[in-house]
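Participant: Structure file final.txt (compact mmCIF, C-alpha atoms) right here:
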```
# COMPACT_ATOMS: atom_id res chain seq x y z
CA MET A 11 23.19 -14.08 -27.83
CA ARG A 12 26.53 -15.76 -28.59
CA LEU A 13 28.20 -13.76 -25.82
CA ILE A 14 25.45 -14.73 -23.36
CA ARG A 15 25.80 -18.40 -24.35
CA ASP A 16 29.55 -18.05 -23.87
CA GLY A 17 28.96 -17.03 -20.25
CA ILE A 18 29.78 -13.31 -20.35
CA VAL A 19 26.83 -12.40 -18.12
CA ASP A 20 27.83 -15.08 -15.59
CA ARG A 21 31.40 -13.80 -15.42
CA GLU A 22 31.04 -10.04 -15.94
CA GLY A 23 27.37 -9.26 -15.41
CA VAL A 24 25.12 -7.31 -17.74
CA GLN A 25 27.54 -4.41 -17.34
CA GLY A 26 30.29 -6.50 -18.94
CA LEU A 27 28.00 -7.53 -21.80
CA ALA A 28 27.01 -3.90 -22.42
CA ALA A 29 30.64 -2.72 -22.33
CA ARG A 30 31.70 -5.32 -24.90
CA LEU A 31 28.96 -4.22 -27.29
CA GLY A 32 29.34 -0.48 -26.71
CA TYR A 33 25.85 0.02 -25.25
CA SER A 34 24.53 1.11 -21.90
CA VAL A 35 23.00 -1.46 -19.55
CA ARG A 36 19.60 0.15 -20.06
CA GLN A 37 19.87 -0.10 -23.86
CA ILE A 38 20.97 -3.74 -23.71
CA ASN A 39 18.07 -4.69 -21.46
CA ARG A 40 15.59 -2.83 -23.65
CA LEU A 41 16.87 -4.21 -26.98
CA VAL A 42 17.26 -7.82 -25.86
CA THR A 43 13.82 -7.80 -24.22
CA ALA A 44 12.28 -6.35 -27.39
CA GLU A 45 13.89 -9.02 -29.57
CA VAL A 46 13.48 -12.19 -27.49
CA GLY A 47 10.96 -11.26 -24.81
CA THR A 48 13.24 -11.32 -21.77
CA GLY A 49 16.43 -9.72 -20.51
CA PRO A 50 20.07 -10.90 -20.47
CA LEU A 51 19.96 -11.96 -16.81
CA ALA A 52 16.96 -14.20 -17.39
CA LEU A 53 18.54 -15.68 -20.52
CA ALA A 54 21.75 -16.46 -18.64
CA ARG A 55 19.75 -18.01 -15.81
CA ALA A 56 17.78 -20.19 -18.21
CA GLN A 57 21.00 -21.28 -19.89
CA ARG A 58 22.52 -22.30 -16.55
CA ALA A 59 19.40 -24.32 -15.76
CA GLN A 60 19.47 -26.05 -19.15
CA THR A 61 23.18 -26.84 -18.81
CA ALA A 62 22.54 -28.31 -15.37
CA ARG A 63 19.72 -30.45 -16.76
CA ILE A 64 21.92 -31.81 -19.56
CA LEU A 65 24.66 -32.71 -17.09
CA LEU A 66 22.22 -34.31 -14.68
CA GLU A 67 20.63 -36.39 -17.43
CA THR A 68 23.71 -37.39 -19.45
CA THR A 69 26.53 -37.66 -16.89
CA GLU A 70 27.13 -39.09 -13.44
CA LEU A 71 28.81 -35.97 -12.08
CA PRO A 72 27.86 -35.31 -8.44
CA VAL A 73 25.25 -32.59 -8.02
CA ALA A 74 27.79 -30.19 -6.49
CA ARG A 75 30.02 -30.39 -9.56
CA VAL A 76 27.01 -30.01 -11.83
CA ALA A 77 26.06 -26.80 -10.03
CA PHE A 78 29.46 -25.15 -10.42
CA ALA A 79 30.08 -26.52 -13.92
CA ALA A 80 26.75 -25.03 -15.05
CA GLY A 81 27.84 -21.60 -13.79
CA PHE A 82 25.92 -21.34 -10.51
CA ALA A 83 27.56 -19.55 -7.59
CA SER A 84 26.34 -22.13 -5.07
CA ILE A 85 24.57 -25.47 -4.80
CA ARG A 86 21.59 -23.75 -3.19
CA GLN A 87 21.27 -21.36 -6.14
CA CYS A 88 21.33 -24.34 -8.51
CA ASN A 89 18.67 -26.18 -6.50
CA ASP A 90 16.39 -23.13 -6.37
CA THR A 91 16.72 -22.35 -10.08
CA VAL A 92 16.21 -25.93 -11.25
CA ARG A 93 13.17 -26.24 -9.00
CA GLN A 94 11.65 -23.02 -10.41
CA VAL A 95 12.39 -23.85 -14.07
CA PHE A 96 11.69 -27.61 -14.12
CA ALA A 97 9.43 -28.04 -11.07
CA ASP A 98 11.80 -30.66 -9.66
CA THR A 99 15.06 -30.91 -7.76
CA PRO A 100 18.37 -31.77 -9.48
CA SER A 101 18.31 -35.21 -7.86
CA GLY A 102 14.70 -35.66 -8.95
CA LEU A 103 15.55 -34.87 -12.59
CA ARG A 104 18.35 -37.39 -12.50
CA ARG A 105 16.24 -40.11 -10.91
CA ARG A 106 13.52 -39.71 -13.55
CA VAL A 107 15.98 -40.20 -16.40
CA PHE A 108 17.81 -43.07 -14.75
CA ARG A 109 14.48 -44.75 -13.96
CA SER A 110 13.24 -44.43 -17.55
CA THR A 111 16.49 -45.70 -19.08
CA GLY A 112 17.18 -48.41 -16.50
CA ARG A 113 20.61 -46.99 -15.73
CA GLY A 114 22.02 -47.41 -12.26
CA HIS A 115 23.21 -44.49 -10.19
CA ASP A 116 25.72 -45.16 -7.44
CA LEU A 117 27.82 -42.13 -6.62
CA ASP A 118 29.90 -41.61 -3.53
CA PRO A 119 28.04 -38.90 -1.56
CA GLU A 120 31.36 -37.60 -0.28
CA LEU A 121 32.07 -36.35 -3.80
CA ASP A 122 29.16 -33.93 -3.57
CA HIS A 123 31.32 -31.76 -1.32
CA ASP A 124 34.26 -31.60 -3.72
CA HIS A 125 34.31 -28.05 -5.09
CA ASP A 126 37.78 -28.21 -6.65
CA HIS A 127 37.45 -26.41 -9.99
CA THR A 128 41.09 -26.66 -11.00
CA ALA A 129 41.63 -30.40 -11.50
CA THR A 130 41.43 -31.54 -15.11
CA ARG A 131 38.32 -33.71 -15.47
CA GLY A 132 36.62 -35.51 -18.33
CA VAL A 133 32.93 -34.89 -18.95
CA ARG A 134 30.93 -36.87 -21.48
CA LEU A 135 27.63 -35.57 -22.81
CA ARG A 136 25.48 -35.46 -25.91
CA LEU A 137 24.91 -32.40 -28.07
CA PRO A 138 21.41 -32.69 -29.58
CA ALA A 139 20.79 -31.62 -33.16
CA ARG A 140 17.74 -31.27 -35.37
CA ARG A 141 17.02 -33.19 -38.55
CA PRO A 142 18.05 -33.03 -41.29
CA PHE A 143 21.61 -33.12 -39.94
CA ASP A 144 24.57 -35.20 -41.10
CA PRO A 145 27.21 -35.22 -38.31
CA TRP A 146 29.42 -37.75 -40.11
CA THR A 147 29.91 -35.55 -43.18
CA LEU A 148 30.42 -32.47 -41.01
CA ILE A 149 33.08 -34.11 -38.84
CA GLN A 150 34.83 -35.36 -41.98
CA PHE A 151 34.71 -31.80 -43.37
CA LEU A 152 36.35 -30.43 -40.22
CA GLY A 153 38.95 -33.19 -40.21
CA ASP A 154 39.93 -32.53 -43.82
CA ARG A 155 40.70 -28.93 -42.85
CA ALA A 156 42.31 -29.60 -39.46
CA VAL A 157 45.12 -27.27 -38.37
CA PRO A 158 48.12 -29.36 -37.21
CA GLY A 159 48.88 -28.96 -33.51
CA ILE A 160 45.35 -27.69 -32.77
CA GLU A 161 43.00 -30.15 -34.47
CA ASN A 162 43.03 -33.74 -35.66
CA ALA A 163 40.51 -36.28 -36.85
CA ASP A 164 40.30 -40.00 -37.48
CA GLY A 165 37.21 -41.39 -39.14
CA THR A 166 34.15 -40.27 -37.20
CA THR A 167 36.00 -38.48 -34.36
CA TYR A 168 37.24 -34.88 -34.38
CA ARG A 169 39.42 -33.40 -31.62
CA ARG A 170 40.73 -29.93 -30.91
CA SER A 171 42.10 -27.74 -28.14
CA LEU A 172 40.20 -24.74 -26.77
CA ARG A 173 41.24 -21.62 -24.90
CA LEU A 174 38.49 -20.76 -22.41
CA PRO A 175 37.87 -17.96 -19.87
CA HIS A 176 39.27 -19.85 -16.86
CA GLY A 177 41.71 -22.21 -18.54
CA HIS A 178 42.01 -24.61 -21.44
CA ALA A 179 40.35 -27.77 -22.70
CA VAL A 180 40.56 -30.58 -25.21
CA VAL A 181 37.31 -31.61 -26.85
CA SER A 182 36.50 -34.81 -28.72
CA LEU A 183 33.40 -34.88 -30.94
CA GLU A 184 32.04 -38.12 -32.35
CA ALA A 185 29.04 -38.76 -34.57
CA GLY A 186 26.37 -40.83 -32.84
CA GLU A 187 25.22 -44.15 -34.20
CA PRO A 188 23.12 -43.62 -37.36
CA ARG A 189 19.40 -44.24 -36.86
CA PRO A 190 16.57 -44.07 -39.40
CA ASP A 191 14.46 -42.15 -36.87
CA GLY A 192 14.74 -40.81 -33.35
CA PRO A 193 16.99 -38.03 -32.08
CA VAL A 194 20.22 -36.98 -33.77
CA PHE A 195 23.17 -36.06 -31.61
CA VAL A 196 26.94 -35.66 -31.42
CA ASP A 197 28.81 -37.33 -28.57
CA ALA A 198 31.19 -34.92 -26.83
CA GLU A 199 33.97 -35.60 -24.36
CA LEU A 200 35.49 -32.51 -22.73
CA TRP A 201 38.70 -32.45 -20.71
CA LEU A 202 38.64 -29.15 -18.83
CA SER A 203 41.36 -27.59 -16.69
CA ASP A 204 38.54 -25.72 -14.88
CA GLN A 205 34.97 -27.04 -14.81
CA ARG A 206 33.54 -23.53 -14.61
CA ASP A 207 34.33 -23.37 -18.35
CA LEU A 208 31.91 -26.17 -19.20
CA THR A 209 29.10 -23.88 -20.38
CA ALA A 210 31.46 -21.89 -22.61
CA ALA A 211 33.00 -25.10 -24.02
CA VAL A 212 29.60 -26.57 -24.88
CA SER A 213 28.52 -23.29 -26.48
CA ARG A 214 31.63 -23.20 -28.65
CA CYS A 215 31.18 -26.81 -29.72
CA ARG A 216 27.60 -26.08 -30.74
CA GLN A 217 28.77 -23.01 -32.64
CA LEU A 218 31.53 -25.00 -34.37
CA LEU A 219 28.97 -27.59 -35.53
CA ASP A 220 26.30 -24.92 -36.21
CA LEU A 221 23.81 -26.89 -34.12
CA ASP A 222 21.64 -23.86 -33.37
CA ALA A 223 20.92 -23.17 -37.04
CA ASP A 224 17.54 -24.06 -38.56
CA PRO A 225 18.42 -27.06 -40.77
CA VAL A 226 15.04 -27.08 -42.53
CA ALA A 227 15.51 -23.47 -43.66
CA VAL A 228 19.08 -24.24 -44.77
CA VAL A 229 17.97 -27.24 -46.86
CA ASP A 230 15.09 -25.26 -48.40
CA ALA A 231 17.41 -22.37 -49.34
CA LEU A 232 20.17 -24.56 -50.78
CA GLY A 233 17.66 -26.81 -52.52
CA ALA A 234 16.37 -23.84 -54.50
CA ILE A 235 19.81 -23.27 -56.05
CA PRO A 236 20.20 -25.05 -59.42
CA SER A 237 22.98 -27.63 -59.30
CA SER A 238 25.84 -27.07 -61.72
CA GLY A 239 27.47 -30.39 -60.90
CA ARG A 240 30.42 -28.57 -59.33
CA TRP A 241 31.21 -27.32 -55.80
```
For this file, write the structure as structure tokens.

Facilitator:
Amino acid sequence: MRLIRDGIVDREGVQGLAARLGYSVRQINRLVTAEVGTGPLALARAQRAQTARILLETTELPVARVAFAAGFASIRQCNDTVRQVFADTPSGLRRRVFRSTGRGHDLDPELDHDHDHTATRGVRLRLPARRPFDPWTLIQFLGDRAVPGIENADGTTYRRSLRLPHGHAVVSLEAGEPRPDGPVFVDAELWLSDQRDLTAAVSRCRQLLDLDADPVAVVDALGAIPSSGRW
């Protein structure tokens, strides 16, 4: 699942995934379907659609850049997949969010035809987490153990460099404003040398912060351990 989230199926197909794990394509399809109810191709497709939705709802990137950054081979493929998964077009998803939040949306339509993957671009988005989750303590933990030349931290912001399949990136992670209720998230700003690496970069940030873990199960398990007063 980590390899699929990292974009292996998008780049190398199910054959590449199988080769990395030492299985045949048939075995991979059978085992993954038995465990999660669907095959690697469908999982990769769903991930691309979810990545596109996050970008449409949290950034002002033109739809064309969203399509390629999410891992789609074409704008048409992105439109078809988003329509099938979310019963709406990419533009429709964006309009709904902008309408509900009162945000304006004024992008130059000429930019929708810019397919240059190689220019370094900044992308800001939010990485959702589940309660109970303490991003401030976690970012401080990472900062205290930062490797010079690769990582650094100041207060509530943690930064590091990444080596990705198509290039490199610098990521900045910042704890969102504390709220007594409502969603918990980490603000992320990614500077990518190639936007096709966006899905892999987001996956690695989520893995670094362990955002896909079950925090309730973690708290229950650790809470059952008697405290000795020492760590």

Participant: What does the distance between CA of Val133 in chain A and CA of Asp154 in chain A come to in Å, to one decimal place?

Facilitator: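 CA of Val133 in chain A sits 25.9 Å away from CA of Asp154 in chain A.
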
Participant: At what distance in Å, to one decimal, does CA of Leu135 in chain A lie from CA of Gly26 in chain A?

Facilitator: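 That distance, rounded to one decimal, is 29.4 Å.
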
Participant: Using all atoms listed in the file for the distances, tell me which of A:Leu51, A:Val181, A:Leu41, A:Ala156 is nearest to Gln25 in chain A.

Facilitator: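 Closest residue, counting all atoms listed in the file: A:Leu51.
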
Participant: Find, counting only C-alpha atoms, the residue in A:Arg40, A:Arg93, A:Arg134, A:Arg30 that gets nearest to Ala59 in chain A.

Facilitator: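 The shortest atom-to-atom distance to Ala59 in chain A comes from A:Arg93.
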
Participant: Tell me which of A:Gln150, A:Ser213, A:Gln57, A:Gln205 sits closest to Ala74 in chain A, counting only C-alpha atoms.

Facilitator: A:Gln205

Participant: Can you work out the spacing between CA of Arg170 in chain A and CA of Pro138 in chain A in Å, to one decimal?

Facilitator: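 Spanning CA of Arg170 in chain A to CA of Pro138 in chain A is a straight-line distance of 19.6 Å.
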
Participant: Excluding Arg169 in chain A and residues on its chain fewer than 2 positions from it, collect all residues at most 10 Å away from it, counting all atoms listed in the file, and give them as a PyMOL selection string.

Facilitator: chain A and resi 149+152-153+156+160-164+167+171-172+180-184+198-200

Participant: Set the distance at 12 Å and use only C-alpha atoms: which residues neighbour Arg36 in chain A once local chain neighbours fewer than 3 positions away are removed? I'd like the list as a ChimeraX atom specification.

Facilitator: /A:24-25,27-29,32-33,39-43,49-50

Participant: Residues at most 12 Å from Leu202 in chain A, counting all atoms listed in the file, excluding those fewer than 4 positions away in the same chain, as a PyMOL selection string?

Facilitator: chain A and resi 79+127-134+171-182+206-212

Participant: Would you mind exporting the chosen residues as a short mmCIF file (atom, residue, chain, number, x, y, z; two decimals), in the coordinates of the input, restricted to C-alpha atoms?

Facilitator:
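Final file, result-v2.cif:
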```
data_model
loop_
_atom_site.label_atom_id
_atom_site.label_comp_id
_atom_site.auth_asym_id
_atom_site.auth_seq_id
_atom_site.Cartn_x
_atom_site.Cartn_y
_atom_site.Cartn_z
CA ALA A 79 30.08 -26.52 -13.92
CA HIS A 127 37.45 -26.41 -9.99
CA THR A 128 41.09 -26.66 -11.00
CA ALA A 129 41.63 -30.40 -11.50
CA THR A 130 41.43 -31.54 -15.11
CA ARG A 131 38.32 -33.71 -15.47
CA GLY A 132 36.62 -35.51 -18.33
CA VAL A 133 32.93 -34.89 -18.95
CA ARG A 134 30.93 -36.87 -21.48
CA SER A 171 42.10 -27.74 -28.14
CA LEU A 172 40.20 -24.74 -26.77
CA ARG A 173 41.24 -21.62 -24.90
CA LEU A 174 38.49 -20.76 -22.41
CA PRO A 175 37.87 -17.96 -19.87
CA HIS A 176 39.27 -19.85 -16.86
CA GLY A 177 41.71 -22.21 -18.54
CA HIS A 178 42.01 -24.61 -21.44
CA ALA A 179 40.35 -27.77 -22.70
CA VAL A 180 40.56 -30.58 -25.21
CA VAL A 181 37.31 -31.61 -26.85
CA SER A 182 36.50 -34.81 -28.72
CA ARG A 206 33.54 -23.53 -14.61
CA ASP A 207 34.33 -23.37 -18.35
CA LEU A 208 31.91 -26.17 -19.20
CA THR A 209 29.10 -23.88 -20.38
CA ALA A 210 31.46 -21.89 -22.61
CA ALA A 211 33.00 -25.10 -24.02
CA VAL A 212 29.60 -26.57 -24.88
#
```

Participant: Rank nothing, just name the residue among A:Ala54, A:Ile85, A:Ile14, A:Ala223 nearest to Thr99 in chain A, using only C-alpha atoms.

Facilitator: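 Looking only at the distances to Thr99 in chain A, the closest residue turns out to be A:Ile85.
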
Participant: My list of candidates is A:Arg21, A:Arg214, A:Arg55, A:Arg136. Which is closest to Glu67 in chain A when distances are computed with all atoms listed in the file?

Facilitator: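 Answer, going by the shortest atom-to-atom distance: A:Arg136.
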
Participant: I need the residue nearest Pro142 in chain A from this list: A:Tyr168, A:Phe195, A:Phe96, A:Trp201. Use all atoms listed in the file for the distance.

Facilitator: A:Phe195

Participant: Which residues are near range 60-63 of chain A? Cut-off 7 Å, all atoms listed in the file, ignore same chain within fewer than 6 positions. Put them as JSON, numbers by chain.

Facilitator: {"A": [76, 77, 80, 209]}
